[in-house]
>>> print(open('coords-v9.txt').read())   # compact mmCIF, C-alpha atoms
# COMPACT_ATOMS: atom_id res chain seq x y z
CA MET A 1 55.18 -40.35 65.46
CA SER A 2 55.87 -37.49 67.84
CA ASP A 3 54.89 -34.05 66.58
CA THR A 4 57.87 -32.46 68.34
CA ALA A 5 61.65 -32.81 68.27
CA THR A 6 63.75 -32.26 71.36
CA ILE A 7 67.13 -30.56 71.53
CA GLU A 8 69.10 -31.04 74.73
CA PHE A 9 71.97 -28.72 75.62
CA GLU A 10 73.68 -28.11 78.98
CA GLY A 11 71.03 -30.06 80.86
CA LYS A 12 68.09 -28.19 79.34
CA LYS A 13 65.60 -29.62 76.85
CA TYR A 14 63.79 -27.63 74.21
CA ASP A 15 60.88 -28.90 72.13
CA PHE A 16 60.26 -27.75 68.56
CA PRO A 17 57.34 -28.58 66.26
CA VAL A 18 57.75 -31.15 63.51
CA ILE A 19 55.81 -30.38 60.36
CA MET A 20 54.94 -32.81 57.56
CA GLY A 21 54.45 -32.03 53.89
CA THR A 22 51.89 -33.66 51.62
CA GLU A 23 54.53 -36.15 50.41
CA ASN A 24 55.40 -37.05 54.03
CA GLU A 25 58.55 -34.94 54.13
CA LEU A 26 59.44 -34.03 57.71
CA ALA A 27 60.98 -30.81 58.99
CA ILE A 28 61.84 -29.43 62.42
CA ASP A 29 60.45 -25.91 62.73
CA VAL A 30 63.29 -23.95 64.36
CA LYS A 31 62.11 -20.40 63.79
CA THR A 32 61.92 -19.86 67.55
CA LEU A 33 65.30 -21.53 68.21
CA ARG A 34 67.35 -18.38 68.78
CA GLY A 35 64.73 -16.69 70.91
CA THR A 36 64.31 -19.81 73.04
CA THR A 37 67.88 -21.06 73.33
CA GLY A 38 70.13 -18.23 72.19
CA MET A 39 71.57 -20.54 69.53
CA VAL A 40 71.25 -20.71 65.75
CA THR A 41 71.77 -23.60 63.33
CA ILE A 42 74.64 -23.60 60.87
CA ASP A 43 74.25 -25.37 57.54
CA PRO A 44 76.69 -24.23 54.79
CA GLY A 45 75.05 -24.55 51.40
CA TYR A 46 71.67 -25.09 53.10
CA LYS A 47 71.86 -28.84 52.42
CA ASN A 48 69.55 -29.62 55.34
CA THR A 49 67.62 -26.37 55.63
CA GLY A 50 64.14 -25.72 54.29
CA SER A 51 63.72 -22.01 53.57
CA CYS A 52 59.99 -22.12 52.85
CA GLU A 53 56.87 -24.19 52.38
CA SER A 54 55.94 -24.42 48.72
CA ALA A 55 53.16 -26.03 46.68
CA ILE A 56 54.92 -25.75 43.31
CA THR A 57 57.45 -28.53 42.77
CA PHE A 58 58.08 -31.86 44.47
CA LEU A 59 61.49 -33.47 44.12
CA ASP A 60 62.64 -36.76 45.63
CA GLY A 61 66.33 -37.10 44.85
CA GLU A 62 66.66 -40.58 46.30
CA LYS A 63 63.87 -41.99 44.12
CA GLY A 64 64.46 -39.81 41.06
CA ILE A 65 61.00 -38.18 41.16
CA LEU A 66 60.16 -34.71 39.81
CA ARG A 67 56.61 -33.33 39.71
CA TYR A 68 55.18 -29.91 38.90
CA ARG A 69 52.03 -29.22 40.94
CA GLY A 70 51.59 -32.99 41.33
CA TYR A 71 52.07 -33.88 37.65
CA ALA A 72 54.97 -36.21 36.77
CA ILE A 73 57.62 -34.54 34.62
CA GLU A 74 57.44 -37.54 32.27
CA ASP A 75 53.73 -36.90 31.56
CA LEU A 76 54.18 -33.15 31.12
CA ALA A 77 57.13 -33.55 28.76
CA GLU A 78 55.17 -36.02 26.63
CA LYS A 79 51.65 -34.57 26.70
CA ALA A 80 51.80 -30.82 27.41
CA ASP A 81 53.41 -27.83 25.73
CA PHE A 82 55.59 -25.23 27.43
CA LEU A 83 52.88 -22.58 27.70
CA GLU A 84 50.54 -25.05 29.43
CA VAL A 85 53.30 -25.94 31.87
CA ALA A 86 54.04 -22.27 32.50
CA TYR A 87 50.37 -21.66 33.35
CA LEU A 88 50.34 -24.73 35.59
CA LEU A 89 53.41 -23.66 37.55
CA ILE A 90 52.30 -20.07 38.00
CA PHE A 91 48.58 -20.51 38.68
CA GLY A 92 48.44 -24.04 40.10
CA GLU A 93 46.25 -25.86 37.57
CA LEU A 94 46.49 -26.91 33.95
CA PRO A 95 44.54 -24.43 31.81
CA ASN A 96 41.44 -25.33 29.85
CA SER A 97 41.23 -24.31 26.18
CA GLU A 98 39.67 -20.92 26.94
CA GLN A 99 42.21 -20.07 29.65
CA LEU A 100 45.15 -21.12 27.50
CA SER A 101 43.88 -19.15 24.51
CA LYS A 102 43.42 -16.00 26.61
CA PHE A 103 46.83 -16.47 28.23
CA HIS A 104 48.53 -16.71 24.86
CA THR A 105 46.59 -13.78 23.41
CA ASP A 106 47.45 -11.59 26.40
CA ILE A 107 51.12 -12.53 26.07
CA LYS A 108 51.15 -11.62 22.38
CA THR A 109 49.57 -8.27 23.19
CA GLU A 110 52.50 -7.43 25.49
CA SER A 111 55.28 -8.73 23.23
CA HIS A 112 56.51 -5.32 22.10
CA VAL A 113 59.79 -4.22 23.68
CA ASP A 114 60.46 -0.48 23.80
CA GLU A 115 62.79 0.61 21.00
CA GLU A 116 64.98 2.37 23.56
CA MET A 117 66.03 -1.10 24.76
CA LYS A 118 67.92 -1.53 21.49
CA LYS A 119 70.22 1.32 22.51
CA ILE A 120 71.10 -0.56 25.69
CA LEU A 121 71.79 -3.70 23.67
CA ASP A 122 73.95 -1.71 21.25
CA GLY A 123 76.16 -0.71 24.16
CA PHE A 124 77.39 -4.27 24.58
CA PRO A 125 80.28 -5.58 22.45
CA LYS A 126 79.77 -8.85 20.58
CA SER A 127 82.27 -10.40 22.98
CA ALA A 128 79.96 -9.85 25.98
CA HIS A 129 78.66 -13.09 27.48
CA PRO A 130 74.95 -13.48 26.61
CA MET A 131 74.02 -14.12 30.26
CA GLY A 132 75.46 -10.77 31.28
CA VAL A 133 73.55 -9.11 28.45
CA LEU A 134 70.29 -10.87 29.35
CA SER A 135 70.57 -10.02 33.03
CA SER A 136 71.18 -6.36 32.20
CA LEU A 137 68.32 -6.18 29.71
CA THR A 138 65.92 -7.84 32.16
CA SER A 139 66.90 -5.38 34.86
CA ALA A 140 66.51 -2.51 32.38
CA LEU A 141 62.86 -3.50 31.84
CA VAL A 142 62.22 -1.93 35.25
CA ALA A 143 63.00 1.50 33.77
CA PHE A 144 60.29 1.03 31.16
CA ASN A 145 57.83 -0.50 33.64
CA PRO A 146 58.58 1.52 36.81
CA SER A 147 55.40 0.87 38.78
CA SER A 148 55.69 -1.88 41.37
CA VAL A 149 53.34 -4.84 41.25
CA ASP A 150 50.34 -4.56 43.54
CA VAL A 151 50.42 -8.12 44.85
CA SER A 152 47.02 -7.65 46.49
CA SER A 153 45.52 -7.17 43.02
CA GLU A 154 45.01 -10.35 41.04
CA GLU A 155 44.73 -8.30 37.84
CA ALA A 156 47.97 -6.38 38.47
CA MET A 157 49.80 -9.59 39.28
CA TYR A 158 48.48 -11.29 36.15
CA ASN A 159 49.40 -8.32 33.93
CA SER A 160 52.95 -8.25 35.27
CA ILE A 161 53.35 -12.00 34.69
CA VAL A 162 52.03 -11.78 31.14
CA ARG A 163 54.31 -8.83 30.43
CA ILE A 164 57.53 -10.63 31.35
CA LEU A 165 56.48 -13.88 29.62
CA ALA A 166 55.94 -11.78 26.49
CA LYS A 167 59.10 -9.68 26.57
CA PHE A 168 61.66 -12.15 27.90
CA PRO A 169 61.76 -14.33 24.74
CA VAL A 170 62.34 -11.17 22.70
CA LEU A 171 65.32 -10.29 24.90
CA VAL A 172 66.66 -13.85 24.55
CA ALA A 173 66.36 -13.72 20.76
CA TRP A 174 67.91 -10.26 20.58
CA THR A 175 70.82 -11.40 22.74
CA MET A 176 71.59 -14.24 20.34
CA ARG A 177 71.05 -12.24 17.16
CA LYS A 178 73.31 -9.48 18.45
CA LYS A 179 76.07 -12.04 18.99
CA MET A 180 75.57 -13.51 15.52
CA GLY A 181 75.40 -10.14 13.77
CA LEU A 182 71.77 -10.60 12.67
CA PRO A 183 69.08 -7.87 12.57
CA LEU A 184 66.71 -7.90 15.53
CA ASP A 185 63.35 -9.60 15.03
CA TYR A 186 60.00 -9.35 16.81
CA GLY A 187 58.59 -12.62 15.59
CA ASP A 188 55.05 -13.31 14.48
CA ASP A 189 51.83 -13.17 16.53
CA SER A 190 50.27 -15.86 14.35
CA LEU A 191 52.70 -18.47 15.69
CA GLY A 192 52.64 -20.55 18.84
CA TYR A 193 54.71 -19.42 21.82
CA VAL A 194 57.71 -21.73 21.31
CA GLU A 195 57.46 -21.60 17.51
CA ASN A 196 57.65 -17.81 17.72
CA ILE A 197 60.73 -18.06 19.93
CA HIS A 198 62.35 -20.28 17.31
CA LYS A 199 61.49 -17.81 14.54
CA MET A 200 62.79 -14.80 16.48
CA MET A 201 66.09 -16.60 17.08
CA PHE A 202 66.73 -18.15 13.68
CA LYS A 203 64.94 -16.24 10.90
CA ARG A 204 67.45 -15.03 8.34
CA PRO A 205 66.89 -11.58 6.80
CA ASN A 206 67.15 -12.90 3.23
CA LYS A 207 64.97 -16.00 3.66
CA GLU A 208 61.41 -16.90 4.46
CA TYR A 209 61.01 -18.55 7.84
CA ALA A 210 60.46 -22.30 7.45
CA LYS A 211 58.85 -24.08 10.38
CA ASP A 212 61.11 -26.83 11.72
CA THR A 213 58.81 -29.15 13.68
CA ILE A 214 61.64 -31.33 14.97
CA ALA A 215 63.58 -28.37 16.33
CA ILE A 216 60.49 -26.73 17.83
CA ASP A 217 59.36 -29.93 19.54
CA ALA A 218 62.84 -30.48 20.98
CA LEU A 219 63.02 -26.89 22.19
CA ASP A 220 59.56 -27.18 23.75
CA LYS A 221 60.60 -30.32 25.64
CA LEU A 222 63.84 -28.75 26.86
CA LEU A 223 62.01 -25.70 28.17
CA ILE A 224 59.52 -27.89 30.05
CA LEU A 225 62.29 -29.94 31.66
CA HIS A 226 63.99 -26.78 32.90
CA ALA A 227 60.84 -24.94 33.99
CA ASP A 228 61.28 -25.43 37.74
CA HIS A 229 63.41 -27.45 40.11
CA GLU A 230 62.43 -26.61 43.68
CA GLN A 231 64.70 -24.40 45.84
CA ASN A 232 67.88 -24.37 43.77
CA CYS A 233 70.43 -21.55 43.79
CA SER A 234 68.73 -19.23 41.28
CA THR A 235 65.20 -19.89 42.55
CA SER A 236 66.27 -19.22 46.12
CA THR A 237 67.89 -16.03 44.86
CA VAL A 238 64.66 -14.90 43.19
CA ARG A 239 62.73 -15.57 46.40
CA ILE A 240 65.20 -13.89 48.74
CA VAL A 241 65.54 -10.80 46.52
CA GLY A 242 61.77 -10.66 46.17
CA SER A 243 61.38 -10.98 49.94
CA SER A 244 62.72 -7.42 50.22
CA HIS A 245 59.69 -6.47 48.06
CA ALA A 246 61.95 -5.89 45.07
CA GLY A 247 59.89 -6.04 41.88
CA LEU A 248 59.44 -9.08 39.68
CA PHE A 249 61.82 -7.91 36.93
CA ALA A 250 64.60 -7.03 39.39
CA SER A 251 64.17 -10.36 41.19
CA LEU A 252 64.34 -12.24 37.88
CA SER A 253 67.50 -10.37 36.90
CA ALA A 254 69.12 -11.54 40.14
CA GLY A 255 68.04 -15.10 39.36
CA ILE A 256 69.66 -14.90 35.93
CA SER A 257 72.95 -13.84 37.52
CA ALA A 258 72.77 -16.77 39.97
CA LEU A 259 72.01 -19.18 37.12
CA TRP A 260 75.10 -18.03 35.22
CA GLY A 261 77.56 -19.98 37.37
CA PRO A 262 79.11 -23.20 35.97
CA LEU A 263 77.91 -25.17 39.00
CA HIS A 264 74.29 -24.22 38.19
CA GLY A 265 72.88 -23.18 34.81
CA GLY A 266 76.28 -22.86 33.19
CA ALA A 267 76.84 -26.58 33.59
CA ASN A 268 75.41 -27.47 30.17
CA GLN A 269 77.92 -25.13 28.52
CA ALA A 270 80.70 -26.66 30.63
CA VAL A 271 79.63 -30.16 29.55
CA LEU A 272 79.94 -29.37 25.86
CA GLU A 273 83.27 -27.62 26.36
CA MET A 274 84.50 -30.73 28.18
CA LEU A 275 83.27 -33.05 25.41
CA GLN A 276 84.93 -30.85 22.81
CA ALA A 277 88.20 -30.92 24.76
CA ILE A 278 88.06 -34.74 24.91
CA GLN A 279 87.35 -34.85 21.16
CA ASP A 280 90.30 -32.51 20.46
CA ASP A 281 92.53 -34.79 22.55
CA GLY A 282 91.68 -37.86 20.49
CA GLY A 283 88.33 -38.89 21.98
CA ASP A 284 89.67 -41.51 24.41
CA THR A 285 86.81 -41.76 26.94
CA LYS A 286 88.58 -44.38 29.06
CA LYS A 287 91.49 -42.01 29.57
CA TYR A 288 89.20 -39.28 30.85
CA MET A 289 87.21 -41.60 33.06
CA ALA A 290 90.49 -42.58 34.69
CA LYS A 291 91.40 -38.90 35.09
CA ALA A 292 88.01 -38.26 36.73
CA LYS A 293 88.70 -40.95 39.34
CA ASP A 294 92.23 -39.70 40.07
CA LYS A 295 92.04 -37.44 43.13
CA ASP A 296 95.32 -35.79 42.14
CA ASP A 297 94.09 -34.90 38.65
CA PRO A 298 92.36 -31.50 38.30
CA PHE A 299 90.07 -32.83 35.54
CA ARG A 300 86.40 -32.81 36.53
CA LEU A 301 83.75 -34.84 34.74
CA MET A 302 80.93 -32.39 34.05
CA GLY A 303 77.31 -33.49 33.69
CA PHE A 304 77.44 -36.41 36.11
CA GLY A 305 75.88 -36.47 39.56
CA HIS A 306 73.58 -33.89 41.07
CA ARG A 307 73.35 -31.95 44.31
CA VAL A 308 69.89 -33.37 44.99
CA TYR A 309 69.45 -36.51 42.85
CA LYS A 310 71.01 -39.64 44.33
CA ASN A 311 69.40 -41.65 41.58
CA PHE A 312 69.09 -41.18 37.80
CA ASP A 313 67.93 -37.62 37.04
CA PRO A 314 64.41 -38.20 35.57
CA ARG A 315 64.95 -35.28 33.20
CA ALA A 316 68.10 -36.95 31.86
CA ARG A 317 66.13 -40.05 30.83
CA ILE A 318 63.75 -37.88 28.79
CA ILE A 319 66.44 -35.68 27.29
CA LYS A 320 68.65 -38.64 26.32
CA LYS A 321 65.84 -40.06 24.22
CA SER A 322 65.17 -36.64 22.72
CA ALA A 323 68.85 -36.18 21.84
CA ASP A 324 68.87 -39.46 19.95
CA GLN A 325 65.69 -38.50 18.10
CA VAL A 326 66.83 -34.99 17.20
CA LEU A 327 70.23 -35.95 15.87
CA GLY A 328 68.74 -38.91 14.03
CA ALA A 329 65.94 -36.86 12.46
CA LEU A 330 68.26 -34.02 11.49
CA GLY A 331 70.75 -36.48 10.04
CA ILE A 332 73.56 -35.20 12.24
CA GLU A 333 76.54 -37.45 12.86
CA ASP A 334 78.11 -35.60 15.74
CA PRO A 335 81.34 -37.05 17.15
CA ILE A 336 80.62 -35.19 20.37
CA LEU A 337 77.48 -37.32 20.86
CA LYS A 338 79.53 -40.49 20.41
CA ILE A 339 81.89 -39.30 23.13
CA ALA A 340 78.93 -38.48 25.37
CA LYS A 341 77.46 -41.95 24.86
CA GLY A 342 80.84 -43.50 25.53
CA LEU A 343 81.22 -41.61 28.81
CA GLU A 344 77.68 -42.53 29.83
CA LYS A 345 78.24 -46.23 29.10
CA GLU A 346 81.51 -46.27 31.01
CA ALA A 347 80.02 -44.45 34.00
CA LEU A 348 76.99 -46.75 34.24
CA GLU A 349 79.27 -49.82 34.20
CA ASP A 350 82.13 -48.48 36.33
CA GLN A 351 81.85 -49.47 39.99
CA TYR A 352 83.43 -46.19 41.10
CA PHE A 353 80.59 -44.18 39.55
CA VAL A 354 77.87 -46.72 40.38
CA ASP A 355 78.83 -46.77 44.08
CA ARG A 356 78.74 -42.97 44.19
CA LYS A 357 75.54 -42.82 42.13
CA LEU A 358 77.13 -40.43 39.66
CA TYR A 359 74.54 -40.75 36.90
CA PRO A 360 74.26 -38.42 33.89
CA ASN A 361 72.13 -35.37 34.66
CA VAL A 362 70.01 -33.15 32.44
CA ASP A 363 72.97 -30.90 31.56
CA PHE A 364 74.80 -33.84 30.04
CA TYR A 365 72.48 -34.05 27.03
CA SER A 366 70.80 -30.63 26.80
CA GLY A 367 73.91 -28.96 25.39
CA ILE A 368 74.15 -31.58 22.64
CA ILE A 369 70.60 -30.79 21.53
CA TYR A 370 71.21 -27.04 21.62
CA ARG A 371 74.33 -27.59 19.53
CA ALA A 372 72.32 -29.63 17.01
CA LEU A 373 69.73 -26.84 16.79
CA GLY A 374 72.42 -24.32 15.90
CA ILE A 375 72.48 -22.43 19.19
CA PRO A 376 75.93 -21.03 20.12
CA VAL A 377 77.59 -22.63 23.15
CA ASP A 378 77.56 -19.48 25.27
CA MET A 379 73.80 -19.16 24.66
CA PHE A 380 73.08 -22.50 26.37
CA THR A 381 72.61 -20.96 29.82
CA VAL A 382 70.37 -18.28 28.30
CA MET A 383 68.13 -21.07 27.02
CA PHE A 384 68.12 -22.54 30.53
CA ALA A 385 66.94 -19.15 31.84
CA LEU A 386 64.19 -19.04 29.22
CA GLY A 387 62.93 -22.42 30.40
CA ARG A 388 63.23 -21.53 34.09
CA LEU A 389 61.32 -18.25 33.69
CA PRO A 390 57.85 -19.60 34.62
CA GLY A 391 59.30 -21.39 37.65
CA TRP A 392 60.95 -18.22 38.89
CA ILE A 393 57.70 -16.31 38.36
CA ALA A 394 55.70 -18.96 40.22
CA GLN A 395 58.14 -18.96 43.14
CA TRP A 396 58.18 -15.15 43.34
CA ARG A 397 54.38 -15.00 43.20
CA GLU A 398 54.00 -17.68 45.88
CA MET A 399 56.49 -15.97 48.16
CA ARG A 400 54.73 -12.61 47.88
CA LEU A 401 51.21 -14.04 48.28
CA ARG A 402 52.31 -15.97 51.39
CA LYS A 403 53.74 -12.72 52.81
CA GLU A 404 57.02 -14.39 53.65
CA PRO A 405 59.41 -12.31 55.78
CA ILE A 406 62.53 -10.76 54.31
CA GLY A 407 65.34 -13.28 53.99
CA ARG A 408 68.08 -12.67 56.53
CA PRO A 409 70.31 -15.67 57.35
CA ARG A 410 72.35 -15.75 60.55
CA GLN A 411 76.04 -16.56 60.84
CA ILE A 412 78.65 -17.78 63.28
CA TYR A 413 81.36 -15.14 63.60
CA ILE A 414 84.93 -16.54 63.53
CA GLY A 415 86.92 -13.29 63.21
CA GLU A 416 89.05 -11.32 65.64
CA ASN A 417 87.77 -10.37 69.09
CA HIS A 418 87.54 -6.73 70.14
CA ARG A 419 90.77 -4.88 69.46
CA ALA A 420 92.01 -1.42 70.43
CA PHE A 421 92.37 0.99 67.53
CA LEU A 422 95.96 2.03 66.81
CA PRO A 423 96.67 5.39 65.19
CA LEU A 424 98.35 5.22 61.80
CA LYS A 425 101.79 6.26 63.11
CA LYS A 426 101.81 3.37 65.64
CA ARG A 427 100.91 0.58 63.20
>>> encode(input="coords-v9.txt", output="structure tokens")
Amino acid sequence: MSDTATIEFEGKKYDFPVIMGTENELAIDVKTLRGTTGMVTIDPGYKNTGSCESAITFLDGEKGILRYRGYAIEDLAEKADFLEVAYLLIFGELPNSEQLSKFHTDIKTESHVDEEMKKILDGFPKSAHPMGVLSSLTSALVAFNPSSVDVSSEEAMYNSIVRILAKFPVLVAWTMRKKMGLPLDYGDDSLGYVENIHKMMFKRPNKEYAKDTIAIDALDKLLILHADHEQNCSTSTVRIVGSSHAGLFASLSAGISALWGPLHGGANQAVLEMLQAIQDDGGDTKKYMAKAKDKDDPFRLMGFGHRVYKNFDPRARIIKKSADQVLGALGIEDPILKIAKGLEKEALEDQYFVDRKLYPNVDFYSGIIYRALGIPVDMFTVMFALGRLPGWIAQWREMRLRKEPIGRPRQIYIGENHRAFLPLKKR
């Protein structure tokens, strides 16, 4: 294999290095393209553009492979807990018992959120979307932690990471409790990380908290499956904002805003709203499958297909099994799940969907589990953000430690040429 690629234009040839990743991925290094040729590449949506080299997550969409730091997502979802996975993503290795214990203890030490933050939360009406609230609260953390992270200091970096891992679940819980009219809760330092999240979200003021192992295990698995996913929209946002040397909290707030969109993190909410609409219309899955295939019909089948996966989303396989287990264990007969299963069966047998490899993705089932756990529909994307937090942190940390340059894409201008200015009275 040649280690260069050649571009020929107007009789001139230009050679550019070809680099190979550890999984044999190939890329043409074009960072000198404009200086050498005067040209730039154009790639709307960055479908064929690598923005960085990263050692965090490997994704092969054609084969349906997802690995964090080399570990298969199937193994991590089955054998690890969310805090272990967070440590792995951020620091590169699975923690031993001593490291994990210290990590958890340090997080618990930083779990207090300044009482002044409650005043900011009080300023939002109950009708405010939780993602808007969460983004604002995360950004507001900067005011209470104004010093920038010294990325050259391992201790300063670690302390900043621990601080956000401690406070973010509190903000998530407060966001939900505000919407539900419940008093704010700080949780319990004697509990595990995910168990404490569950308590902060669901403890009723007039009842003792009862540990729900089924719910906690399902939540733990969902958070692991969402923890990172390579250079998606929100992760790229975190990296590009951080490339300006914006702080960790500000960069994360930008990532939350990017995640909010229905084509990204908001997809799980959109899936459940679609399933509910089908249920309200009589539950005829065949009718809606036909609508999805009709180019003249505005109906869009949410939760099928993926920008990257051209095979079955490996996370969807895990989450489908978990959805069956959770609803079975909780004794929930949810008509929405029956509709979901009907759509899945039809899609896997319909040649139109098979030919286009439109398989169910992780969003298709995650909303059903959140619904079964009692989480409001408009909190689904907030839960996605909670799971993605360690991935965003890992990506921000990697970008800063690698001293990546500030992100500044080029463009091809297609506007008007130079025009003479006309005074107002002549226009």
>>> atom_distance(input="coords-v9.txt", atom1="CA of Met117 in chain A", atom2="CA of Ser147 in chain A")
17.7 Å
>>> residues_around(input="coords-v9.txt", residues="range 247-264 of chain A", least_positions_apart="3", cutoff="6 Å", atoms="all atoms listed in the file", output="list in words")
Ser135, Thr138, Ser139, Ser148, Ser234, Thr237, Val238, Val241, Gly242 and Ala267 of chain A
>>> closest_residue(input="coords-v9.txt", among="A:Met289, A:Ala227, A:Val149, A:Leu424", to="Lys345 in chain A", atoms="all atoms listed in the file")
A:Met289
>>> closest_residue(input="coords-v9.txt", among="A:Lys118, A:Arg177, A:His104, A:His418", to="Val162 in chain A", atoms="all atoms listed in the file")
A:His104
>>> atom_distance(input="coords-v9.txt", atom1="CA of Ser160 in chain A", atom2="CA of Arg402 in chain A")
17.9 Å
>>> residues_around(input="coords-v9.txt", residues="range 314-321 of chain A", least_positions_apart="4", cutoff="8 Å", atoms="only C-alpha atoms", output="compact mmCIF listing (two decimals) with C-alpha atoms, in the frame of the given file")
# COMPACT_ATOMS: atom_id res chain seq x y z
CA GLY A 64 64.46 -39.81 41.06
CA ILE A 65 61.00 -38.18 41.16
CA LEU A 66 60.16 -34.71 39.81
CA ILE A 73 57.62 -34.54 34.62
CA GLU A 74 57.44 -37.54 32.27
CA ALA A 77 57.13 -33.55 28.76
CA LEU A 222 63.84 -28.75 26.86
CA LEU A 225 62.29 -29.94 31.66
CA GLN A 325 65.69 -38.50 18.10
CA PRO A 360 74.26 -38.42 33.89
CA ASN A 361 72.13 -35.37 34.66
CA VAL A 362 70.01 -33.15 32.44
CA ASP A 363 72.97 -30.90 31.56
CA PHE A 364 74.80 -33.84 30.04
CA TYR A 365 72.48 -34.05 27.03
CA SER A 366 70.80 -30.63 26.80
>>> closest_residue(input="coords-v9.txt", among="A:Ile414, A:Leu330, A:Met399, A:Ala140", to="Glu116 in chain A", atoms="all atoms listed in the file")
A:Ala140
>>> atom_distance(input="coords-v9.txt", atom1="CA of Phe82 in chain A", atom2="CA of Ala372 in chain A")
20.2 Å
>>> closest_residue(input="coords-v9.txt", among="A:Lys167, A:Lys47, A:Lys203, A:Arg419", to="Leu134 in chain A", atoms="all atoms listed in the file")
A:Lys167
>>> residues_around(input="coords-v9.txt", residues="range 209-211 of chain A", least_positions_apart="2", cutoff="10 Å", atoms="all atoms listed in the file", output="PyMOL selection string")
chain A and resi 191+195-196+198-200+202-207+213-216
>>> residues_around(input="coords-v9.txt", residues="Leu272 in chain A", least_positions_apart="3", cutoff="9 Å", atoms="all atoms listed in the file", output="list in words")
Ala267, Asn268, Gln269, Leu275, Gln276, Ala277, Met302, Ile336, Phe364, Tyr365, Gly367, Ile368, Arg371 and Val377 of chain A
>>> residues_around(input="coords-v9.txt", residues="Ala394 in chain A", least_positions_apart="6", cutoff="8 Å", atoms="all atoms listed in the file", output="NGL selection string")
:A and (56 or 89-91)
>>> closest_residue(input="coords-v9.txt", among="A:Leu137, A:Val194, A:Met39, A:Met383", to="Leu171 in chain A", atoms="only C-alpha atoms")
A:Leu137
>>> residues_near_point(input="coords-v9.txt", point="(73.2, -41.2, 37.1)", cutoff="7 Å", atoms="all atoms listed in the file", output="list in words")
Phe304, Gly305, Asn311, Phe312, Asp313, Lys357, Leu358, Tyr359, Pro360 and Asn361 of chain A
>>> residues_near_point(input="coords-v9.txt", point="(64.3, -9.4, 22.4)", cutoff="12 Å", atoms="only C-alpha atoms", output="PyMOL selection string")
chain A and resi 111-118+120-121+133-134+137-138+141+164-178+183-187+196-197+199-201+386
>>> closest_residue(input="coords-v9.txt", among="A:Asp355, A:Glu398, A:Asp106, A:Asp280", to="Thr235 in chain A", atoms="only C-alpha atoms")
A:Glu398
>>> decode(input="coords-v9.txt", residues="range 177-186 of chain A", atoms="N, CA, C and O atoms", output="JSON list (two decimals), in the first residue's frame")
[["chain", "number", "residue", "atom", "x", "y", "z"],
["A", 177, "ARG", "N", -37.15, 17.12, 39.20],
["A", 177, "ARG", "CA", -37.99, 17.35, 40.37],
["A", 177, "ARG", "C", -38.70, 18.71, 40.28],
["A", 177, "ARG", "O", -39.84, 18.87, 40.72],
["A", 178, "LYS", "N", -38.02, 19.68, 39.69],
["A", 178, "LYS", "CA", -38.65, 20.98, 39.46],
["A", 178, "LYS", "C", -39.88, 20.81, 38.56],
["A", 178, "LYS", "O", -40.96, 21.36, 38.83],
["A", 179, "LYS", "N", -39.74, 20.03, 37.51],
["A", 179, "LYS", "CA", -40.83, 19.82, 36.57],
["A", 179, "LYS", "C", -42.00, 19.09, 37.22],
["A", 179, "LYS", "O", -43.17, 19.34, 36.91],
["A", 180, "MET", "N", -41.68, 18.19, 38.14],
["A", 180, "MET", "CA", -42.71, 17.37, 38.78],
["A", 180, "MET", "C", -43.24, 17.98, 40.07],
["A", 180, "MET", "O", -44.09, 17.39, 40.75],
["A", 181, "GLY", "N", -42.72, 19.16, 40.44],
["A", 181, "GLY", "CA", -43.20, 19.83, 41.64],
["A", 181, "GLY", "C", -42.74, 19.19, 42.93],
["A", 181, "GLY", "O", -43.40, 19.32, 43.98],
["A", 182, "LEU", "N", -41.58, 18.50, 42.90],
["A", 182, "LEU", "CA", -41.06, 17.83, 44.08],
["A", 182, "LEU", "C", -39.94, 18.66, 44.71],
["A", 182, "LEU", "O", -39.23, 19.38, 44.01],
["A", 183, "PRO", "N", -39.75, 18.57, 46.04],
["A", 183, "PRO", "CA", -38.64, 19.28, 46.68],
["A", 183, "PRO", "C", -37.30, 18.75, 46.19],
["A", 183, "PRO", "O", -37.18, 17.58, 45.82],
["A", 184, "LEU", "N", -36.31, 19.62, 46.14],
["A", 184, "LEU", "CA", -35.00, 19.24, 45.64],
["A", 184, "LEU", "C", -34.29, 18.34, 46.65],
["A", 184, "LEU", "O", -34.43, 18.50, 47.86],
["A", 185, "ASP", "N", -33.50, 17.40, 46.13],
["A", 185, "ASP", "CA", -32.87, 16.39, 46.97],
["A", 185, "ASP", "C", -31.39, 16.27, 46.62],
["A", 185, "ASP", "O", -31.01, 16.40, 45.45],
["A", 186, "TYR", "N", -30.56, 16.06, 47.64],
["A", 186, "TYR", "CA", -29.12, 15.92, 47.43],
["A", 186, "TYR", "C", -28.67, 14.46, 47.39],
["A", 186, "TYR", "O", -27.52, 14.17, 47.13]]
